[in-house]
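Peer 1: If it helps, the file is called entry35.cif and holds mmCIF, C-alpha atoms:
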```cif
data_start
#
loop_
_atom_site.label_atom_id
_atom_site.label_comp_id
_atom_site.auth_asym_id
_atom_site.auth_seq_id
_atom_site.Cartn_x
_atom_site.Cartn_y
_atom_site.Cartn_z
CA MET A 578 -135.80 29.63 16.13
CA LEU A 579 -138.12 26.94 17.49
CA ALA A 580 -136.05 24.32 15.70
CA ILE A 581 -133.00 25.57 17.60
CA ALA A 582 -134.87 25.41 20.92
CA ARG A 583 -136.05 21.89 20.08
CA THR A 584 -132.51 20.79 19.19
CA LEU A 585 -131.23 22.13 22.50
CA VAL A 586 -133.93 20.38 24.55
CA ALA A 587 -133.25 17.12 22.69
CA ARG A 588 -129.51 17.53 23.25
CA ASP A 589 -129.90 18.11 26.99
CA LEU A 590 -132.26 15.14 27.32
CA LEU A 591 -129.82 12.91 25.46
CA LEU A 592 -126.99 14.13 27.69
CA ALA A 593 -129.11 13.35 30.76
CA ALA A 594 -129.84 9.89 29.35
CA ARG A 595 -126.10 9.28 28.95
CA ARG A 596 -125.48 10.38 32.54
CA ARG A 597 -128.37 8.78 34.31
CA SER A 598 -126.63 8.86 37.70
CA ASP A 599 -126.92 12.68 37.81
CA VAL A 600 -130.66 12.47 37.35
CA ALA A 601 -131.03 9.63 39.82
CA THR A 602 -129.08 11.48 42.55
CA ALA A 603 -131.49 14.44 42.61
CA LEU A 604 -134.51 12.15 42.59
CA LEU A 605 -133.16 9.86 45.32
CA PHE A 606 -132.28 12.93 47.37
CA PHE A 607 -135.92 14.00 47.19
CA VAL A 608 -137.15 10.56 48.21
CA ILE A 609 -134.70 10.23 51.09
CA VAL A 610 -135.20 13.73 52.53
CA ALA A 611 -138.97 13.32 52.38
CA SER A 612 -138.70 9.88 54.01
CA LEU A 613 -136.51 11.07 56.90
CA PHE A 614 -139.26 13.15 58.46
CA PRO A 615 -141.68 10.33 59.31
CA LEU A 616 -138.71 8.43 60.77
CA GLY A 617 -137.59 11.38 62.90
CA ILE A 618 -140.97 12.63 64.03
CA GLY A 619 -142.66 9.32 64.70
CA ALA A 620 -145.70 7.70 63.22
CA GLU A 621 -148.40 9.92 64.66
CA PRO A 622 -150.80 10.09 61.66
CA ASN A 623 -152.38 13.47 62.43
CA GLN A 624 -149.02 15.13 62.86
CA LEU A 625 -147.67 13.56 59.66
CA ARG A 626 -150.74 14.60 57.71
CA ALA A 627 -150.31 18.15 58.96
CA ILE A 628 -146.65 18.49 57.94
CA ALA A 629 -146.88 16.54 54.67
CA PRO A 630 -147.45 19.41 52.19
CA GLY A 631 -144.69 21.56 53.65
CA VAL A 632 -142.13 18.76 53.93
CA ILE A 633 -142.75 17.44 50.42
CA TRP A 634 -142.49 20.92 48.97
CA VAL A 635 -139.30 21.79 50.87
CA ALA A 636 -137.75 18.50 49.73
CA ALA A 637 -138.73 19.40 46.15
CA LEU A 638 -137.05 22.83 46.47
CA LEU A 639 -133.83 21.31 47.79
CA SER A 640 -133.76 18.59 45.17
CA SER A 641 -134.26 21.10 42.35
CA MET A 642 -131.49 23.22 43.94
CA LEU A 643 -129.13 20.25 43.85
CA SER A 644 -129.15 19.88 40.08
CA LEU A 645 -129.18 23.62 39.33
CA ALA A 646 -125.43 24.09 39.71
CA ARG A 647 -124.97 21.78 36.72
CA LEU A 648 -127.39 23.71 34.51
CA PHE A 649 -124.71 25.79 32.79
CA SER A 650 -121.44 24.61 34.36
CA GLY A 651 -120.93 21.64 32.02
CA ASP A 652 -121.48 23.76 28.92
CA TYR A 653 -119.27 26.46 30.40
CA ALA A 654 -116.38 24.09 31.06
CA ASP A 655 -116.22 22.54 27.58
CA GLY A 656 -116.85 25.74 25.62
CA THR A 657 -120.31 24.84 24.31
CA LEU A 658 -121.82 27.74 26.23
CA GLU A 659 -119.89 30.21 24.06
CA GLN A 660 -121.28 28.46 21.01
CA LEU A 661 -124.80 28.71 22.47
CA LEU A 662 -124.30 32.46 22.83
CA LEU A 663 -123.34 32.56 19.16
CA SER A 664 -126.22 30.34 18.03
CA GLY A 665 -128.83 31.56 15.58
CA ALA A 666 -131.51 32.15 18.22
CA PRO A 667 -131.93 34.96 20.78
CA LEU A 668 -130.23 34.06 24.06
CA GLY A 669 -133.55 34.28 25.94
CA ILE A 670 -134.91 31.42 23.83
CA VAL A 671 -131.74 29.36 24.36
CA VAL A 672 -131.99 29.88 28.12
CA SER A 673 -135.70 28.97 28.16
CA ALA A 674 -134.94 25.75 26.31
CA LYS A 675 -132.21 24.86 28.83
CA ALA A 676 -134.54 25.59 31.78
CA PHE A 677 -137.29 23.50 30.17
CA ALA A 678 -134.91 20.56 29.69
CA HIS A 679 -133.79 20.96 33.32
CA TRP A 680 -137.41 20.79 34.42
CA LEU A 681 -138.13 17.71 32.31
CA VAL A 682 -135.19 15.94 33.94
CA SER A 683 -135.40 17.21 37.53
CA GLY A 684 -138.94 18.59 38.04
CA LEU A 685 -141.24 16.23 36.18
CA PRO A 686 -140.00 13.08 37.98
CA LEU A 687 -140.83 14.80 41.31
CA VAL A 688 -144.39 15.41 40.13
CA LEU A 689 -144.76 11.75 39.25
CA ILE A 690 -143.20 10.36 42.41
CA ALA A 691 -144.78 12.79 44.92
CA PRO A 692 -148.00 10.73 45.39
CA LEU A 693 -145.82 7.79 46.46
CA ILE A 694 -144.11 9.96 49.05
CA ALA A 695 -147.50 11.27 50.19
CA LEU A 696 -148.43 7.66 50.96
CA GLN A 697 -145.83 7.64 53.74
CA TYR A 698 -147.58 10.62 55.34
CA ASP A 699 -150.99 8.97 55.21
CA VAL A 700 -152.26 11.83 53.03
CA ALA A 701 -155.85 11.27 51.91
CA ALA A 702 -156.07 9.92 48.35
CA PRO A 703 -158.10 12.85 46.92
CA LEU A 704 -155.22 15.18 47.83
CA TYR A 705 -152.74 13.38 45.56
CA GLY A 706 -154.15 15.19 42.55
CA VAL A 707 -153.82 18.61 44.17
CA LEU A 708 -150.27 17.84 45.33
CA ALA A 709 -149.21 16.66 41.88
CA LEU A 710 -150.92 19.63 40.21
CA SER A 711 -149.26 22.11 42.55
CA LEU A 712 -145.87 20.52 41.81
CA LEU A 713 -146.63 20.48 38.10
CA LEU A 714 -147.22 24.25 38.17
CA GLY A 715 -144.55 25.07 40.74
CA THR A 716 -141.48 23.05 39.75
CA PRO A 717 -141.06 24.79 36.36
CA VAL A 718 -140.90 28.09 38.26
CA LEU A 719 -138.05 26.64 40.33
CA SER A 720 -136.10 25.72 37.18
CA ILE A 721 -136.69 29.07 35.50
CA ILE A 722 -135.83 31.23 38.54
CA GLY A 723 -132.96 28.91 39.45
CA ALA A 724 -131.44 29.50 36.01
CA ILE A 725 -130.87 33.17 36.92
CA GLY A 726 -128.88 32.12 39.97
CA ALA A 727 -126.99 29.42 38.05
CA ALA A 728 -126.00 31.99 35.41
CA LEU A 729 -124.91 34.56 38.02
CA THR A 730 -122.73 32.12 39.96
CA LEU A 731 -121.19 30.53 36.86
CA GLY A 732 -117.46 29.97 37.22
CA LEU A 733 -117.31 31.28 40.80
CA ARG A 734 -115.49 29.39 43.51
CA GLY A 735 -117.95 28.02 46.07
CA GLY A 736 -120.71 28.89 43.61
CA GLY A 737 -122.91 26.07 44.88
CA VAL A 738 -123.48 27.56 48.32
CA LEU A 739 -123.84 31.07 46.92
CA LEU A 740 -126.40 29.72 44.47
CA SER A 741 -128.55 28.38 47.34
CA LEU A 742 -128.32 31.68 49.20
CA LEU A 743 -129.35 33.59 46.09
CA VAL A 744 -132.12 31.35 44.88
CA LEU A 745 -133.81 29.84 47.95
CA PRO A 746 -135.32 33.19 49.10
CA LEU A 747 -136.78 33.60 45.62
CA TYR A 748 -138.44 30.19 45.96
CA VAL A 749 -140.48 31.32 48.99
CA PRO A 750 -143.63 32.39 47.08
CA VAL A 751 -143.70 29.05 45.25
CA LEU A 752 -143.35 27.18 48.55
CA ILE A 753 -146.13 29.17 50.21
CA LEU A 754 -148.53 28.80 47.31
CA GLY A 755 -147.68 25.16 46.58
CA ALA A 756 -147.87 23.90 50.14
CA GLY A 757 -150.84 26.23 50.75
CA ALA A 758 -152.83 24.64 47.94
CA VAL A 759 -152.46 21.17 49.46
CA GLU A 760 -153.29 22.44 52.96
CA MET A 761 -156.42 24.16 51.69
CA ALA A 762 -157.53 20.97 49.98
CA SER A 763 -156.85 18.90 53.10
CA ALA A 764 -158.99 21.30 55.11
CA GLY A 765 -161.79 20.56 52.64
CA LEU A 766 -161.63 23.98 50.96
CA ALA A 767 -161.11 24.77 47.28
CA ALA A 768 -157.43 25.07 46.32
CA ASP A 769 -158.20 26.93 43.07
CA GLY A 770 -156.95 30.27 44.38
CA GLN A 771 -153.43 29.03 45.17
CA LEU A 772 -153.21 26.94 42.02
CA LEU A 773 -154.28 29.85 39.81
CA LEU A 774 -151.73 32.11 41.52
CA LEU A 775 -149.06 29.47 40.90
CA ALA A 776 -150.07 29.33 37.23
CA ALA A 777 -149.92 33.13 37.01
CA LEU A 778 -146.49 33.09 38.65
CA LEU A 779 -145.33 30.48 36.14
CA ILE A 780 -146.48 32.62 33.20
CA VAL A 781 -144.87 35.82 34.50
CA VAL A 782 -141.60 34.05 35.32
CA ALA A 783 -141.50 32.16 32.00
CA VAL A 784 -141.85 35.44 30.11
CA PHE A 785 -139.44 37.65 32.02
CA ALA A 786 -136.86 35.54 33.87
CA PRO A 787 -135.09 34.12 30.77
CA TRP A 788 -134.03 37.62 29.76
CA ALA A 789 -132.52 38.19 33.21
CA THR A 790 -130.72 34.84 32.88
CA ALA A 791 -129.46 35.85 29.43
CA ALA A 792 -128.06 39.12 30.80
CA ALA A 793 -126.42 37.26 33.70
CA LEU A 794 -124.84 34.75 31.30
CA ARG A 795 -123.37 37.51 29.17
CA ILE A 796 -121.82 39.07 32.28
CA SER A 797 -120.46 35.73 33.50
CA LEU A 798 -118.88 34.94 30.14
CA GLU A 799 -117.14 38.29 29.63
CA MET B 263 -116.78 43.57 6.06
CA LEU B 264 -115.58 43.40 9.63
CA GLU B 265 -114.34 46.68 11.04
CA ALA B 266 -112.75 47.36 14.41
CA THR B 267 -112.20 50.94 15.51
CA GLN B 268 -109.97 52.01 18.37
CA LEU B 269 -110.51 48.86 20.39
CA GLU B 270 -109.20 48.83 23.92
CA CYS B 271 -109.29 45.81 26.20
CA GLU B 272 -108.71 45.78 29.93
CA ARG B 273 -108.37 42.59 31.95
CA GLY B 274 -107.85 42.61 35.68
CA GLY B 275 -106.83 46.28 35.76
CA ARG B 276 -104.20 45.81 33.03
CA THR B 277 -104.61 47.25 29.56
CA LEU B 278 -103.93 44.47 27.06
CA PHE B 279 -104.18 46.64 23.97
CA ARG B 280 -105.50 50.06 22.99
CA ASP B 281 -106.22 52.06 19.88
CA LEU B 282 -106.49 48.97 17.75
CA SER B 283 -108.16 49.65 14.39
CA PHE B 284 -108.36 47.38 11.38
CA ALA B 285 -110.75 46.11 8.75
CA VAL B 286 -111.16 42.68 7.19
CA ARG B 287 -112.86 42.82 3.79
CA ASN B 288 -114.34 39.91 1.88
CA GLY B 289 -111.59 37.71 0.54
CA GLU B 290 -109.09 38.90 3.14
CA ALA B 291 -107.38 37.20 6.03
CA LEU B 292 -106.12 38.72 9.26
CA ARG B 293 -103.58 37.07 11.49
CA ILE B 294 -103.38 38.01 15.16
CA ALA B 295 -99.93 37.48 16.60
CA GLY B 296 -98.39 38.12 19.99
CA PRO B 297 -96.86 36.34 22.96
CA ASN B 298 -98.91 34.40 25.54
CA GLY B 299 -101.15 36.68 27.57
CA SER B 300 -101.03 39.51 25.06
CA GLY B 301 -104.79 39.37 24.50
CA LYS B 302 -105.20 37.35 21.29
CA THR B 303 -108.11 35.33 22.65
CA SER B 304 -109.67 38.43 24.21
CA LEU B 305 -109.49 40.21 20.86
CA ILE B 306 -111.15 37.32 19.01
CA ARG B 307 -113.89 37.08 21.65
CA ILE B 308 -114.48 40.83 21.28
CA LEU B 309 -114.74 40.41 17.51
CA CYS B 310 -117.32 37.64 18.04
CA GLY B 311 -119.35 39.87 20.32
CA LEU B 312 -118.85 37.49 23.27
CA ALA B 313 -117.04 40.20 25.22
CA ALA B 314 -117.43 43.95 25.05
CA PRO B 315 -114.34 46.12 24.51
CA SER B 316 -113.71 48.74 27.20
CA GLN B 317 -113.37 51.31 24.40
CA GLY B 318 -114.13 51.32 20.70
CA GLU B 319 -116.51 49.20 18.67
CA VAL B 320 -116.79 46.35 16.20
CA ARG B 321 -118.94 46.77 13.10
CA TRP B 322 -120.16 44.29 10.51
CA ASP B 323 -121.06 45.90 7.17
CA GLY B 324 -121.28 49.23 8.95
CA THR B 325 -123.58 48.22 11.85
CA ARG B 326 -122.43 47.58 15.42
CA VAL B 327 -122.37 43.85 16.11
CA GLN B 328 -124.23 44.24 19.42
CA ARG B 329 -127.15 45.74 17.50
CA LEU B 330 -127.12 43.00 14.88
CA ALA B 331 -127.16 40.25 17.56
CA GLU B 332 -128.25 36.97 15.89
CA GLU B 333 -128.07 38.58 12.47
CA TYR B 334 -124.33 38.76 13.10
CA THR B 335 -123.78 35.48 14.91
CA ARG B 336 -125.47 33.60 12.06
CA ARG B 337 -122.81 34.99 9.73
CA LEU B 338 -119.81 33.92 11.76
CA LEU B 339 -118.12 30.72 12.75
CA TYR B 340 -116.07 30.84 15.94
CA ILE B 341 -113.84 27.98 17.00
CA GLY B 342 -112.16 28.81 20.28
CA HIS B 343 -109.56 27.24 22.54
CA ALA B 344 -112.08 24.86 24.05
CA ALA B 345 -113.25 22.39 21.44
CA ALA B 346 -116.92 22.84 22.43
CA LEU B 347 -117.50 19.09 22.28
CA LYS B 348 -119.65 17.10 24.68
CA ASP B 349 -117.64 14.22 26.17
CA ASP B 350 -120.67 11.92 26.20
CA PHE B 351 -121.47 12.43 22.53
CA THR B 352 -119.76 11.04 19.46
CA PRO B 353 -118.12 13.55 17.08
CA PHE B 354 -121.06 13.00 14.71
CA GLU B 355 -123.63 13.95 17.36
CA ASN B 356 -121.53 16.95 18.38
CA LEU B 357 -121.23 18.20 14.83
CA ASP B 358 -124.91 17.61 14.11
CA VAL B 359 -126.00 19.58 17.20
CA ALA B 360 -123.49 22.36 16.51
CA CYS B 361 -124.82 22.81 12.98
CA ARG B 362 -128.47 22.70 14.06
CA LEU B 363 -127.84 25.30 16.76
CA THR B 364 -126.58 27.80 14.22
CA GLY B 365 -129.83 27.21 12.33
CA ALA B 366 -128.12 25.41 9.42
CA ALA B 367 -128.79 21.70 9.76
CA ALA B 368 -126.65 19.59 7.45
CA SER B 369 -127.44 16.18 5.94
CA THR B 370 -126.11 13.02 7.56
CA GLU B 371 -123.90 12.34 4.53
CA ALA B 372 -122.36 15.81 4.66
CA LEU B 373 -121.55 15.40 8.37
CA ARG B 374 -120.09 11.92 7.87
CA TRP B 375 -118.05 13.17 4.94
CA ALA B 376 -116.68 16.14 6.93
CA LEU B 377 -115.65 13.92 9.83
CA GLY B 378 -114.16 11.41 7.40
CA ALA B 379 -112.14 14.14 5.71
CA PHE B 380 -110.64 15.02 9.09
CA ALA B 381 -110.14 11.32 9.92
CA VAL B 382 -112.08 11.52 13.19
CA PRO B 383 -112.92 8.08 14.63
CA ASP B 384 -116.52 7.32 15.58
CA LEU B 385 -115.97 7.04 19.34
CA PRO B 386 -117.34 9.02 22.27
CA VAL B 387 -115.33 12.25 22.47
CA ARG B 388 -114.19 11.23 25.96
CA ARG B 389 -111.95 8.60 24.36
CA LEU B 390 -110.39 10.85 21.72
CA SER B 391 -106.90 12.31 21.94
CA GLN B 392 -106.30 16.07 22.08
CA GLY B 393 -105.48 16.20 18.38
CA GLN B 394 -108.53 14.15 17.44
CA ARG B 395 -110.75 16.47 19.48
CA ARG B 396 -109.30 19.40 17.62
CA ARG B 397 -110.04 17.66 14.32
CA ALA B 398 -113.61 16.93 15.41
CA ALA B 399 -114.06 20.65 16.24
CA LEU B 400 -112.49 21.79 12.99
CA ALA B 401 -114.73 19.48 10.93
CA ARG B 402 -117.26 22.31 11.26
CA LEU B 403 -115.19 24.26 8.76
CA LEU B 404 -116.28 21.88 6.01
CA ILE B 405 -119.96 22.33 6.86
CA SER B 406 -119.69 26.11 7.23
CA GLU B 407 -118.21 27.06 3.88
CA SER B 408 -121.11 29.41 3.17
CA VAL B 409 -120.58 31.29 6.47
CA PRO B 410 -118.81 34.53 5.47
CA LEU B 411 -116.71 35.20 8.57
CA TRP B 412 -114.45 32.65 10.25
CA LEU B 413 -112.87 33.51 13.59
CA LEU B 414 -110.42 30.84 14.69
CA ASP B 415 -108.41 30.89 17.89
CA GLU B 416 -105.22 28.84 17.45
CA PRO B 417 -106.65 26.57 14.72
CA PHE B 418 -103.38 24.65 14.35
CA ALA B 419 -102.83 23.88 18.04
CA ALA B 420 -102.50 20.14 18.78
CA LEU B 421 -102.70 19.21 15.07
CA ASP B 422 -100.09 17.09 13.33
CA ALA B 423 -98.35 18.24 10.13
CA ALA B 424 -100.88 16.62 7.81
CA GLY B 425 -103.78 18.09 9.79
CA SER B 426 -102.22 21.55 9.80
CA SER B 427 -101.66 21.61 6.09
CA TYR B 428 -105.23 20.38 5.44
CA VAL B 429 -106.62 23.18 7.62
CA GLU B 430 -104.33 25.70 5.89
CA GLU B 431 -105.71 24.54 2.58
CA LEU B 432 -109.31 24.93 3.78
CA LEU B 433 -108.64 28.42 5.13
CA ALA B 434 -106.94 29.49 1.91
CA ARG B 435 -109.89 28.13 -0.09
CA HIS B 436 -112.36 30.04 2.12
CA VAL B 437 -110.50 33.32 1.61
CA LYS B 438 -110.19 32.70 -2.12
CA ALA B 439 -113.94 32.09 -2.34
CA GLY B 440 -114.53 35.58 -0.93
CA GLY B 441 -114.86 34.76 2.77
CA SER B 442 -113.21 36.67 5.61
CA LEU B 443 -110.86 35.01 8.04
CA VAL B 444 -109.41 36.07 11.38
CA TYR B 445 -107.04 33.66 13.07
CA SER B 446 -104.47 33.69 15.81
CA THR B 447 -101.44 31.45 15.77
CA HIS B 448 -97.93 31.00 17.05
CA GLN B 449 -96.70 28.75 14.33
CA PRO B 450 -95.90 30.11 10.85
CA SER B 451 -98.20 28.90 8.10
CA ALA B 452 -98.54 29.30 4.35
CA LEU B 453 -101.40 31.76 4.93
CA ASP B 454 -99.24 34.34 6.67
CA ALA B 455 -97.80 35.86 3.50
CA ALA B 456 -101.20 36.92 2.18
CA ALA B 457 -102.72 37.86 5.56
CA HIS B 458 -102.79 41.25 7.25
CA LEU B 459 -101.09 41.21 10.62
CA VAL B 460 -102.14 42.57 13.99
CA ASP B 461 -99.25 42.24 16.39
CA LEU B 462 -100.22 42.63 20.04
CA LYS B 463 -96.62 42.74 21.26
CA HIS B 464 -96.68 46.43 22.10
#
```
Please go through the file and, once you have read it, give me the structure as structure tokens.
Peer 2:
Amino acid sequence: MLAIARTLVARDLLLAARRRSDVATALLFFVIVASLFPLGIGAEPNQLRAIAPGVIWVAALLSSMLSLARLFSGDYADGTLEQLLLSGAPLGIVVSAKAFAHWLVSGLPLVLIAPLIALQYDVAAPLYGVLALSLLLGTPVLSIIGAIGAALTLGLRGGGVLLSLLVLPLYVPVLILGAGAVEMASAGLAADGQLLLLAALLIVVAVFAPWATAAALRISLE
Amino acid sequence: MLEATQLECERGGRTLFRDLSFAVRNGEALRIAGPNGSGKTSLIRILCGLAAPSQGEVRWDGTRVQRLAEEYTRRLLYIGHAAALKDDFTPFENLDVACRLTGAAASTEALRWALGAFAVPDLPVRRLSQGQRRRAALARLLISESVPLWLLDEPFAALDAAGSSYVEELLARHVKAGGSLVYSTHQPSALDAAAHLVDLKH
């Protein structure tokens, strides 16, 4: 079962490596959206420092959103999704593996590049760690919850917009906790509370959401 | 043994077929015939467990396939209309991943041999012709000889005469070795004489 999950993650990573432009688009989108705010608002350091956590997190949500529509649609179009449903592992495991691969490709790069973006907002250096940690715990939640929406809107016309409407409200707790953690830290308080809640959210979602995604996939493929 | 009892399928408010009952024992073949849109693909997808029938049930060795879940899917090979190949991969990579995903990884030599037997060139699938894609998909047959149940939707579509007769030979060998086979086709083949027939015309 684990071998099957590993195969699937390796396959999706290899596919991403063969289509690097898809990965680069989501990442560049994140960089550009996050860079537009300092340009639009002006270089008032206190103001920038105040909006930094929220802006970076919102940009991360949108960027993760952007690549979600492709999570199942490619496999759906060429028939591989049917084969995944008939694979030797429970569908929940298959879906978890796909969400994990999606996170490796679209979430992890955000974690690594976020400190660079924070530089533009004149965020104090000690906060980089908290920002990266909050993204490290939060972005997997985005991939896992987003998979439910991607499965539900599979094969629908205008599915992309519907997907955002379905999924973005579900991202709100992650946004509040993630941006909250950085704000707490910038106010000189301990961010442990928010980070632990994010970790708890990640565990709950990782356990239960894949089964919802599996059910949604079965409905979409009927 | 694959058993279907009183299957009914509805698509878009139209009943495609009803009261369809049949059984496919080990060493038997079943051919699904019928004009376009008569529900051949729907029936095969129901037999795979990919779709649920609106009435009736499908059983494998006496147990409903929905209850068996992976226990059932590990025992079947389904090759549908879509070739289930990734455009960015070579046929070898596609076949390797497909085998691993069913939990039965095959050796490199076995995969190369299967693709060689079907004369599939070692190019990214994107650059293959329709017939070559079909061959790359059907190469799985050679790796899956121990899988008891084969469900093939239009296996001969897009194949040339030599390809068709090779596939016919493989299917006949599978049935002879005690496997079960369900296939849908428009074109007559040497298998038809020995196969049971489900005609969806009515």
Peer 1: How close does range 290-405 of chain B get to range 263-282 of chain B? List, as CSV, each residue of range 290-405 of chain B within 10 Å, its nearest atom pair and the distance in Å to one decimal, counting only C-alpha atoms.
Peer 2:
```
residue,atom,partner,partner_atom,distance
B:Glu290,CA,B:Met263,CA,9.5
B:Gly299,CA,B:Leu278,CA,8.3
B:Ser300,CA,B:Leu278,CA,6.1
B:Gly301,CA,B:Leu278,CA,5.8
B:Lys302,CA,B:Leu278,CA,9.3
B:Ser304,CA,B:Cys271,CA,7.7
B:Leu305,CA,B:Cys271,CA,7.7
B:Ile308,CA,B:Cys271,CA,8.7
B:Leu309,CA,B:Ala266,CA,7.9
B:Ala313,CA,B:Cys271,CA,9.6
B:Ala314,CA,B:Cys271,CA,8.4
B:Pro315,CA,B:Cys271,CA,5.3
B:Ser316,CA,B:Cys271,CA,5.4
B:Gln317,CA,B:Glu270,CA,4.9
B:Gly318,CA,B:Leu269,CA,4.4
B:Glu319,CA,B:Thr267,CA,5.6
B:Val320,CA,B:Ala266,CA,4.5
B:Arg321,CA,B:Glu265,CA,5.0
B:Trp322,CA,B:Leu264,CA,4.7
B:Asp323,CA,B:Met263,CA,5.0
B:Gly324,CA,B:Glu265,CA,7.7
B:Thr325,CA,B:Glu265,CA,9.4
B:Arg326,CA,B:Glu265,CA,9.2
B:Val327,CA,B:Leu264,CA,9.4
```
Peer 1: Take the residues from that selection and put them in a file with C-alpha atoms, as a compact mmCIF listing (two decimals), in the coordinates of the input.
Peer 2:
```txt
# COMPACT_ATOMS: atom_id res chain seq x y z
CA GLU B 290 -109.09 38.90 3.14
CA GLY B 299 -101.15 36.68 27.57
CA SER B 300 -101.03 39.51 25.06
CA GLY B 301 -104.79 39.37 24.50
CA LYS B 302 -105.20 37.35 21.29
CA SER B 304 -109.67 38.43 24.21
CA LEU B 305 -109.49 40.21 20.86
CA ILE B 308 -114.48 40.83 21.28
CA LEU B 309 -114.74 40.41 17.51
CA ALA B 313 -117.04 40.20 25.22
CA ALA B 314 -117.43 43.95 25.05
CA PRO B 315 -114.34 46.12 24.51
CA SER B 316 -113.71 48.74 27.20
CA GLN B 317 -113.37 51.31 24.40
CA GLY B 318 -114.13 51.32 20.70
CA GLU B 319 -116.51 49.20 18.67
CA VAL B 320 -116.79 46.35 16.20
CA ARG B 321 -118.94 46.77 13.10
CA TRP B 322 -120.16 44.29 10.51
CA ASP B 323 -121.06 45.90 7.17
CA GLY B 324 -121.28 49.23 8.95
CA THR B 325 -123.58 48.22 11.85
CA ARG B 326 -122.43 47.58 15.42
CA VAL B 327 -122.37 43.85 16.11
```
Peer 1: Go through A:Ala792, A:Leu766, A:Ala620, A:Leu662 one by one, measure the shortest atom-to-atom distance of each to chain B using all atoms listed in the file, and give the residue with the smallest value.
Peer 2: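 Looking only at the distances to chain B, the closest residue turns out to be A:Leu662.
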Peer 1: Pick out the residues sitting within 9 Å of range 448-450 of chain B, and hand them over as a list in words; count all atoms listed in the file, and ignore anything fewer than 2 positions along from it in its own chain.
Peer 2: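 Counting only the stated atoms, we get Ala295, Gly296, Pro297, Glu416, Phe418, Ala419, Ser446, Ala452, Leu453 and Asp454 of chain B.
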Peer 1: Which residue is closest to Tyr653 in chain A? Choose from A:Leu779, A:Leu710, A:Ala756, A:Leu731 and count only C-alpha atoms.
Peer 2: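 Of the candidates, the smallest distance to Tyr653 in chain A is held by A:Leu731.
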Peer 1: When the PyMOL selection byres ((chain B) within 10 of (chain A)) is applied to the file above, which residues end up in the set, as a PyMOL selection string?
Peer 2: chain B and resi 304+307-308+310-315+331-351+355-356+358-367
Peer 1: Please expand the PyMOL selection byres ((chain B and resi 392-395) around 7) into the concrete residues it hits in this file, giving the result as number ranges by chain.
Peer 2: B: 345, 382, 387, 390-391, 396-399, 420-421
Peer 1: Restricting it to C-alpha atoms, dump the selection as an mmCIF file, in the coordinates of the input.
Peer 2:
```cif
data_model
loop_
_atom_site.group_PDB
_atom_site.id
_atom_site.type_symbol
_atom_site.label_atom_id
_atom_site.label_comp_id
_atom_site.auth_asym_id
_atom_site.auth_seq_id
_atom_site.Cartn_x
_atom_site.Cartn_y
_atom_site.Cartn_z
ATOM 1 C CA ALA B 345 -113.250 22.390 21.440
ATOM 2 C CA VAL B 382 -112.080 11.520 13.190
ATOM 3 C CA VAL B 387 -115.330 12.250 22.470
ATOM 4 C CA LEU B 390 -110.390 10.850 21.720
ATOM 5 C CA SER B 391 -106.900 12.310 21.940
ATOM 6 C CA ARG B 396 -109.300 19.400 17.620
ATOM 7 C CA ARG B 397 -110.040 17.660 14.320
ATOM 8 C CA ALA B 398 -113.610 16.930 15.410
ATOM 9 C CA ALA B 399 -114.060 20.650 16.240
ATOM 10 C CA ALA B 420 -102.500 20.140 18.780
ATOM 11 C CA LEU B 421 -102.700 19.210 15.070
#
```
Peer 1: Take CA of Leu648 in chain A and CA of Ile725 in chain A and report the distance between them in Å, one decimal.
Peer 2: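 These atoms are spaced 10.4 Å apart.
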Peer 1: Go through A:Ala678, A:Leu643, A:Leu685, A:Ala629 one by one, measure the shortest atom-to-atom distance of each to Val586 in chain A using only C-alpha atoms, and give the residue with the smallest value.
Peer 2: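 For Val586 in chain A, the nearest of the given residues is A:Ala678.
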Peer 1: Which distance in Å separates CA of Leu613 in chain A and CA of Leu687 in chain A, to one decimal?
Peer 2: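 Separation of CA of Leu613 in chain A and CA of Leu687 in chain A: 16.6 Å.
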Peer 1: Under the PyMOL selection byres ((chain A and resi 787) around 12), which residues of this model are included? Write them out as a ChimeraX atom specification.
Peer 2: /A:667-677,718,720-728,780-786,788-794
Peer 1: In Å, with one decimal, what is the gap from CA of Leu404 in chain B to CA of Ala368 in chain B?
Peer 2: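 CA of Leu404 in chain B sits 10.7 Å away from CA of Ala368 in chain B.
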Peer 1: I'd like to know which of B:Ala434, B:Leu462, B:Leu373, B:Leu443 is closest to Phe354 in chain B, using all atoms listed in the file.
Peer 2: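 The answer is B:Leu373, which sits nearest to Phe354 in chain B.
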Peer 1: Which of these, A:Ala691, A:Ala646, A:Ala701, A:Val632, has the shortest distance to Ser741 in chain A once you count all atoms listed in the file?
Peer 2: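 Using all atoms listed in the file, the shortest distance to Ser741 in chain A belongs to A:Ala646.
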Peer 1: Nearest to Ala776 in chain A: which of A:Gly631, A:Gly737, A:Gly684, A:Pro717 is it, counting all atoms listed in the file?
Peer 2: A:Pro717
Peer 1: Dig up all the protein and nucleic acid residues within 12 Å of (-117.4, 12.1, 6.1) in the file frame, using all atoms listed in the file, and format them as a list in words.
Peer 2: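 Residues with an atom close enough to that point: Pro353, Phe354, Leu357, Ala368, Ser369, Thr370, Glu371, Ala372, Leu373, Arg374, Trp375, Ala376, Leu377, Gly378, Ala379, Phe380, Ala381, Val382, Pro383, Asp384, Ala398, Ala401, Arg402, Leu404 and Ile405 of chain B.
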Peer 1: Tell me, as a PyMOL selection string, which residues lie within 6 Å of Val688 in chain A, counting all atoms listed in the file; anything in the same chain fewer than 5 positions away does not count.
Peer 2: chain A and resi 709+712-713
